[in-house]
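Data block for target-v4.txt (compact mmCIF, C-alpha atoms):
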```txt
# COMPACT_ATOMS: atom_id res chain seq x y z
CA MET A 1 8.91 -2.22 -17.01
CA LYS A 2 8.04 -0.03 -14.03
CA ALA A 3 5.68 -1.41 -11.40
CA LYS A 4 3.89 0.66 -8.79
CA ILE A 5 2.54 -1.19 -5.76
CA TYR A 6 0.06 0.32 -3.32
CA ILE A 7 -0.31 -1.58 -0.03
CA THR A 8 -3.06 -0.75 2.45
CA LEU A 9 -4.44 -2.33 5.58
CA LYS A 10 -7.62 -4.34 5.13
CA ASN A 11 -10.85 -2.92 6.50
CA GLY A 12 -11.29 -3.79 10.15
CA VAL A 13 -7.55 -3.94 10.89
CA LEU A 14 -6.56 -1.41 13.54
CA ASP A 15 -4.23 1.31 12.25
CA PRO A 16 -2.44 3.02 15.17
CA GLN A 17 -0.16 4.96 12.82
CA GLY A 18 -3.19 6.29 10.94
CA LYS A 19 -4.72 7.36 14.27
CA ALA A 20 -1.47 9.14 15.22
CA ILE A 21 -1.45 10.96 11.86
CA GLU A 22 -5.09 11.93 12.34
CA GLY A 23 -4.32 13.30 15.82
CA ALA A 24 -1.37 15.29 14.48
CA LEU A 25 -3.50 16.73 11.67
CA HIS A 26 -6.17 17.75 14.17
CA GLY A 27 -3.45 19.33 16.31
CA LEU A 28 -2.39 21.39 13.29
CA GLY A 29 -5.94 22.59 12.80
CA PHE A 30 -7.02 20.19 10.04
CA ILE A 31 -10.13 19.04 11.89
CA ALA A 32 -11.87 17.93 8.69
CA ALA A 33 -9.38 15.02 8.32
CA ASN A 34 -11.01 11.86 9.67
CA HIS A 35 -10.65 8.08 9.39
CA VAL A 36 -6.97 8.37 8.35
CA ARG A 37 -5.38 5.12 7.17
CA GLN A 38 -1.73 4.87 6.24
CA GLY A 39 -0.15 2.52 3.74
CA LYS A 40 2.97 1.80 1.71
CA TYR A 41 3.98 2.66 -1.82
CA ILE A 42 6.69 0.66 -3.58
CA GLU A 43 8.06 1.35 -7.04
CA LEU A 44 10.37 -1.05 -8.86
CA ASP A 45 11.59 -1.97 -12.31
CA VAL A 46 10.93 -5.45 -13.64
CA ALA A 47 13.24 -6.75 -16.38
CA GLU A 48 10.35 -8.07 -18.45
CA THR A 49 8.79 -6.87 -21.70
CA ASP A 50 5.57 -8.91 -21.50
CA ALA A 51 3.02 -7.11 -19.31
CA ALA A 52 1.28 -10.31 -18.19
CA LYS A 53 4.57 -11.89 -17.09
CA ALA A 54 5.66 -8.68 -15.35
CA TYR A 55 2.35 -8.48 -13.49
CA ALA A 56 2.57 -12.14 -12.44
CA SER A 57 6.12 -11.62 -11.21
CA VAL A 58 5.22 -8.55 -9.16
CA GLU A 59 2.15 -10.28 -7.76
CA GLU A 60 4.36 -13.14 -6.58
CA MET A 61 6.70 -10.60 -4.94
CA CYS A 62 3.73 -9.12 -3.10
CA LYS A 63 2.48 -12.48 -1.90
CA LYS A 64 5.90 -13.68 -0.74
CA LEU A 65 7.47 -10.52 0.71
CA LEU A 66 6.08 -7.07 0.02
CA ALA A 67 2.59 -7.40 1.54
CA ASN A 68 1.30 -9.27 4.55
CA THR A 69 -1.75 -10.70 2.82
CA VAL A 70 -3.38 -11.63 6.14
CA ILE A 71 -3.87 -7.97 7.08
CA GLU A 72 -3.00 -6.02 3.91
CA ASN A 73 -4.42 -5.53 0.43
CA TYR A 74 -2.27 -4.57 -2.52
CA ARG A 75 -2.84 -3.05 -5.94
CA ILE A 76 -0.35 -3.25 -8.81
CA GLU A 77 0.03 -0.79 -11.69
CA LEU A 78 2.44 -1.36 -14.55
```

Could you write out this structure as structure tokens?
Amino acid sequence: MKAKIYITLKNGVLDPQGKAIEGALHGLGFIAANHVRQGKYIELDVAETDAAKAYASVEEMCKKLLANTVIENYRIEL
């Protein structure tokens, strides 16, 4: 089963990479781009046929390794 994981910084956490991207976009003339936040996207296959078990497994991966839950949120799609 394929899992897609979207990881983003929590609101209020400074995002220097997002600011750098925003500055670069402005430098290229895209002045309408504001409040840029960057994140991570991870895609993986889980050797599980039960959706609930697959979700639980991927959630455990996020909590233990893939996301820093102190400063990041994550969303899982199967």

ask   = Separation of atom CA of Glu48 of chain A and atom CA of Arg75 of chain A, in Å?
value =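 Spanning atom CA of Glu48 of chain A to atom CA of Arg75 of chain A is a straight-line distance of 18.9 Å.
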
Segment 14-30 of chain A surroundings by only C-alpha atoms, 12 Å radius, close-in-sequence under 4 positions cut, as a short mmCIF file (atom, residue, chain, number, x, y, z; two decimals) with C-alpha atoms, in the frame of the given file:
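Contents of selection-v5.cif, freshly written:
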```cif
data_model
loop_
_atom_site.label_atom_id
_atom_site.label_comp_id
_atom_site.auth_asym_id
_atom_site.auth_seq_id
_atom_site.Cartn_x
_atom_site.Cartn_y
_atom_site.Cartn_z
CA THR A 8 -3.06 -0.75 2.45
CA LEU A 9 -4.44 -2.33 5.58
CA LYS A 10 -7.62 -4.34 5.13
CA ASN A 34 -11.01 11.86 9.67
CA HIS A 35 -10.65 8.08 9.39
CA VAL A 36 -6.97 8.37 8.35
CA ARG A 37 -5.38 5.12 7.17
CA GLN A 38 -1.73 4.87 6.24
CA GLY A 39 -0.15 2.52 3.74
CA LYS A 40 2.97 1.80 1.71
CA ILE A 71 -3.87 -7.97 7.08
CA GLU A 72 -3.00 -6.02 3.91
#
```

request  = Determine, counting all atoms listed in the file, every residue of protein, DNA or RNA that lies within 12 Å of (3.6, -7.4, 1.9) in the file coordinates, then give the result as an MDAnalysis selection string.
outcome  = chainID A and resid 5:9 39:42 58:75

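Counting only C-alpha atoms and comparing A:Leu78, A:Lys4, A:Ala32, A:Val13, the residue that lies closest to Asp50 of chain A is A:Leu78.
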
task = One decimal, Å: what's the distance from atom CA of Met1 of chain A over to atom CA of Ala56 of chain A, could you say?
result =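 Between these atoms lies a distance of 12.6 Å.
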
query = atom CA of Asn11 of chain A and atom CA of Tyr55 of chain A are how many Å apart?
reply =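 Interatomic distance here is 24.6 Å.
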
Residue completion, segment 18-53 of chain A, N, CA and C atoms, as a PDB file, in the frame of the given file:
```pdb
ATOM      1  N   GLY A  18      -2.179   5.418  11.541  1.00  0.00           N
ATOM      2  CA  GLY A  18      -3.190   6.290  10.940  1.00  0.00           C
ATOM      3  C   GLY A  18      -3.850   7.163  11.994  1.00  0.00           C
ATOM      4  N   LYS A  19      -4.134   6.581  13.176  1.00  0.00           N
ATOM      5  CA  LYS A  19      -4.720   7.360  14.270  1.00  0.00           C
ATOM      6  C   LYS A  19      -3.765   8.453  14.732  1.00  0.00           C
ATOM      7  N   ALA A  20      -2.464   8.134  14.813  1.00  0.00           N
ATOM      8  CA  ALA A  20      -1.470   9.140  15.220  1.00  0.00           C
ATOM      9  C   ALA A  20      -1.404  10.271  14.201  1.00  0.00           C
ATOM     10  N   ILE A  21      -1.458   9.942  12.921  1.00  0.00           N
ATOM     11  CA  ILE A  21      -1.450  10.960  11.860  1.00  0.00           C
ATOM     12  C   ILE A  21      -2.688  11.832  11.979  1.00  0.00           C
ATOM     13  N   GLU A  22      -3.837  11.184  12.196  1.00  0.00           N
ATOM     14  CA  GLU A  22      -5.090  11.930  12.340  1.00  0.00           C
ATOM     15  C   GLU A  22      -5.012  12.894  13.524  1.00  0.00           C
ATOM     16  N   GLY A  23      -4.471  12.429  14.660  1.00  0.00           N
ATOM     17  CA  GLY A  23      -4.320  13.300  15.820  1.00  0.00           C
ATOM     18  C   GLY A  23      -3.400  14.471  15.546  1.00  0.00           C
ATOM     19  N   ALA A  24      -2.311  14.217  14.820  1.00  0.00           N
ATOM     20  CA  ALA A  24      -1.370  15.290  14.480  1.00  0.00           C
ATOM     21  C   ALA A  24      -2.029  16.300  13.538  1.00  0.00           C
ATOM     22  N   LEU A  25      -2.797  15.815  12.582  1.00  0.00           N
ATOM     23  CA  LEU A  25      -3.500  16.730  11.670  1.00  0.00           C
ATOM     24  C   LEU A  25      -4.499  17.588  12.435  1.00  0.00           C
ATOM     25  N   HIS A  26      -5.237  16.975  13.355  1.00  0.00           N
ATOM     26  CA  HIS A  26      -6.170  17.750  14.170  1.00  0.00           C
ATOM     27  C   HIS A  26      -5.422  18.787  15.000  1.00  0.00           C
ATOM     28  N   GLY A  27      -4.261  18.403  15.538  1.00  0.00           N
ATOM     29  CA  GLY A  27      -3.450  19.330  16.310  1.00  0.00           C
ATOM     30  C   GLY A  27      -2.956  20.515  15.495  1.00  0.00           C
ATOM     31  N   LEU A  28      -2.819  20.308  14.198  1.00  0.00           N
ATOM     32  CA  LEU A  28      -2.390  21.390  13.290  1.00  0.00           C
ATOM     33  C   LEU A  28      -3.575  22.189  12.761  1.00  0.00           C
ATOM     34  N   GLY A  29      -4.770  21.839  13.206  1.00  0.00           N
ATOM     35  CA  GLY A  29      -5.940  22.590  12.800  1.00  0.00           C
ATOM     36  C   GLY A  29      -6.721  21.990  11.639  1.00  0.00           C
ATOM     37  N   PHE A  30      -6.318  20.839  11.151  1.00  0.00           N
ATOM     38  CA  PHE A  30      -7.020  20.190  10.040  1.00  0.00           C
ATOM     39  C   PHE A  30      -8.097  19.257  10.606  1.00  0.00           C
ATOM     40  N   ILE A  31      -9.120  19.844  11.200  1.00  0.00           N
ATOM     41  CA  ILE A  31     -10.130  19.040  11.890  1.00  0.00           C
ATOM     42  C   ILE A  31     -11.046  18.280  10.932  1.00  0.00           C
ATOM     43  N   ALA A  32     -11.033  18.626   9.668  1.00  0.00           N
ATOM     44  CA  ALA A  32     -11.870  17.930   8.690  1.00  0.00           C
ATOM     45  C   ALA A  32     -11.279  16.567   8.298  1.00  0.00           C
ATOM     46  N   ALA A  33     -10.027  16.305   8.653  1.00  0.00           N
ATOM     47  CA  ALA A  33      -9.380  15.020   8.320  1.00  0.00           C
ATOM     48  C   ALA A  33      -9.837  13.961   9.313  1.00  0.00           C
ATOM     49  N   ASN A  34     -10.508  12.930   8.818  1.00  0.00           N
ATOM     50  CA  ASN A  34     -11.010  11.860   9.670  1.00  0.00           C
ATOM     51  C   ASN A  34     -10.770  10.506   9.030  1.00  0.00           C
ATOM     52  N   HIS A  35     -10.796   9.474   9.852  1.00  0.00           N
ATOM     53  CA  HIS A  35     -10.650   8.080   9.390  1.00  0.00           C
ATOM     54  C   HIS A  35      -9.369   7.916   8.568  1.00  0.00           C
ATOM     55  N   VAL A  36      -8.256   8.429   9.066  1.00  0.00           N
ATOM     56  CA  VAL A  36      -6.970   8.370   8.350  1.00  0.00           C
ATOM     57  C   VAL A  36      -6.428   6.947   8.407  1.00  0.00           C
ATOM     58  N   ARG A  37      -6.023   6.432   7.277  1.00  0.00           N
ATOM     59  CA  ARG A  37      -5.380   5.120   7.170  1.00  0.00           C
ATOM     60  C   ARG A  37      -4.067   5.332   6.428  1.00  0.00           C
ATOM     61  N   GLN A  38      -3.019   4.737   6.902  1.00  0.00           N
ATOM     62  CA  GLN A  38      -1.730   4.870   6.240  1.00  0.00           C
ATOM     63  C   GLN A  38      -1.419   3.586   5.488  1.00  0.00           C
ATOM     64  N   GLY A  39      -0.528   3.690   4.524  1.00  0.00           N
ATOM     65  CA  GLY A  39      -0.150   2.520   3.740  1.00  0.00           C
ATOM     66  C   GLY A  39       1.278   2.648   3.243  1.00  0.00           C
ATOM     67  N   LYS A  40       1.619   1.804   2.288  1.00  0.00           N
ATOM     68  CA  LYS A  40       2.970   1.800   1.710  1.00  0.00           C
ATOM     69  C   LYS A  40       2.858   1.937   0.197  1.00  0.00           C
ATOM     70  N   TYR A  41       3.865   2.544  -0.373  1.00  0.00           N
ATOM     71  CA  TYR A  41       3.980   2.660  -1.820  1.00  0.00           C
ATOM     72  C   TYR A  41       5.365   2.157  -2.203  1.00  0.00           C
ATOM     73  N   ILE A  42       5.410   1.224  -3.120  1.00  0.00           N
ATOM     74  CA  ILE A  42       6.690   0.660  -3.580  1.00  0.00           C
ATOM     75  C   ILE A  42       6.733   0.784  -5.092  1.00  0.00           C
ATOM     76  N   GLU A  43       7.855   1.233  -5.601  1.00  0.00           N
ATOM     77  CA  GLU A  43       8.060   1.350  -7.040  1.00  0.00           C
ATOM     78  C   GLU A  43       9.301   0.563  -7.399  1.00  0.00           C
ATOM     79  N   LEU A  44       9.202  -0.261  -8.442  1.00  0.00           N
ATOM     80  CA  LEU A  44      10.370  -1.050  -8.860  1.00  0.00           C
ATOM     81  C   LEU A  44      10.335  -1.298 -10.354  1.00  0.00           C
ATOM     82  N   ASP A  45      11.475  -1.617 -10.898  1.00  0.00           N
ATOM     83  CA  ASP A  45      11.590  -1.970 -12.310  1.00  0.00           C
ATOM     84  C   ASP A  45      11.665  -3.480 -12.424  1.00  0.00           C
ATOM     85  N   VAL A  46      10.918  -4.021 -13.373  1.00  0.00           N
ATOM     86  CA  VAL A  46      10.930  -5.450 -13.640  1.00  0.00           C
ATOM     87  C   VAL A  46      11.542  -5.647 -15.022  1.00  0.00           C
ATOM     88  N   ALA A  47      12.566  -6.495 -15.104  1.00  0.00           N
ATOM     89  CA  ALA A  47      13.240  -6.750 -16.380  1.00  0.00           C
ATOM     90  C   ALA A  47      12.406  -7.735 -17.196  1.00  0.00           C
ATOM     91  N   GLU A  48      11.272  -7.245 -17.683  1.00  0.00           N
ATOM     92  CA  GLU A  48      10.350  -8.070 -18.450  1.00  0.00           C
ATOM     93  C   GLU A  48       9.629  -7.185 -19.451  1.00  0.00           C
ATOM     94  N   THR A  49       9.464  -7.661 -20.681  1.00  0.00           N
ATOM     95  CA  THR A  49       8.790  -6.870 -21.700  1.00  0.00           C
ATOM     96  C   THR A  49       7.315  -7.249 -21.845  1.00  0.00           C
ATOM     97  N   ASP A  50       6.952  -8.444 -21.422  1.00  0.00           N
ATOM     98  CA  ASP A  50       5.570  -8.910 -21.500  1.00  0.00           C
ATOM     99  C   ASP A  50       4.821  -8.451 -20.239  1.00  0.00           C
ATOM    100  N   ALA A  51       3.754  -7.677 -20.440  1.00  0.00           N
ATOM    101  CA  ALA A  51       3.020  -7.110 -19.310  1.00  0.00           C
ATOM    102  C   ALA A  51       2.425  -8.184 -18.402  1.00  0.00           C
ATOM    103  N   ALA A  52       1.893  -9.246 -18.984  1.00  0.00           N
ATOM    104  CA  ALA A  52       1.280 -10.310 -18.190  1.00  0.00           C
ATOM    105  C   ALA A  52       2.321 -11.010 -17.309  1.00  0.00           C
ATOM    106  N   LYS A  53       3.504 -11.259 -17.874  1.00  0.00           N
ATOM    107  CA  LYS A  53       4.570 -11.890 -17.090  1.00  0.00           C
ATOM    108  C   LYS A  53       5.087 -10.949 -16.013  1.00  0.00           C
TER     109      LYS A  53
END
```
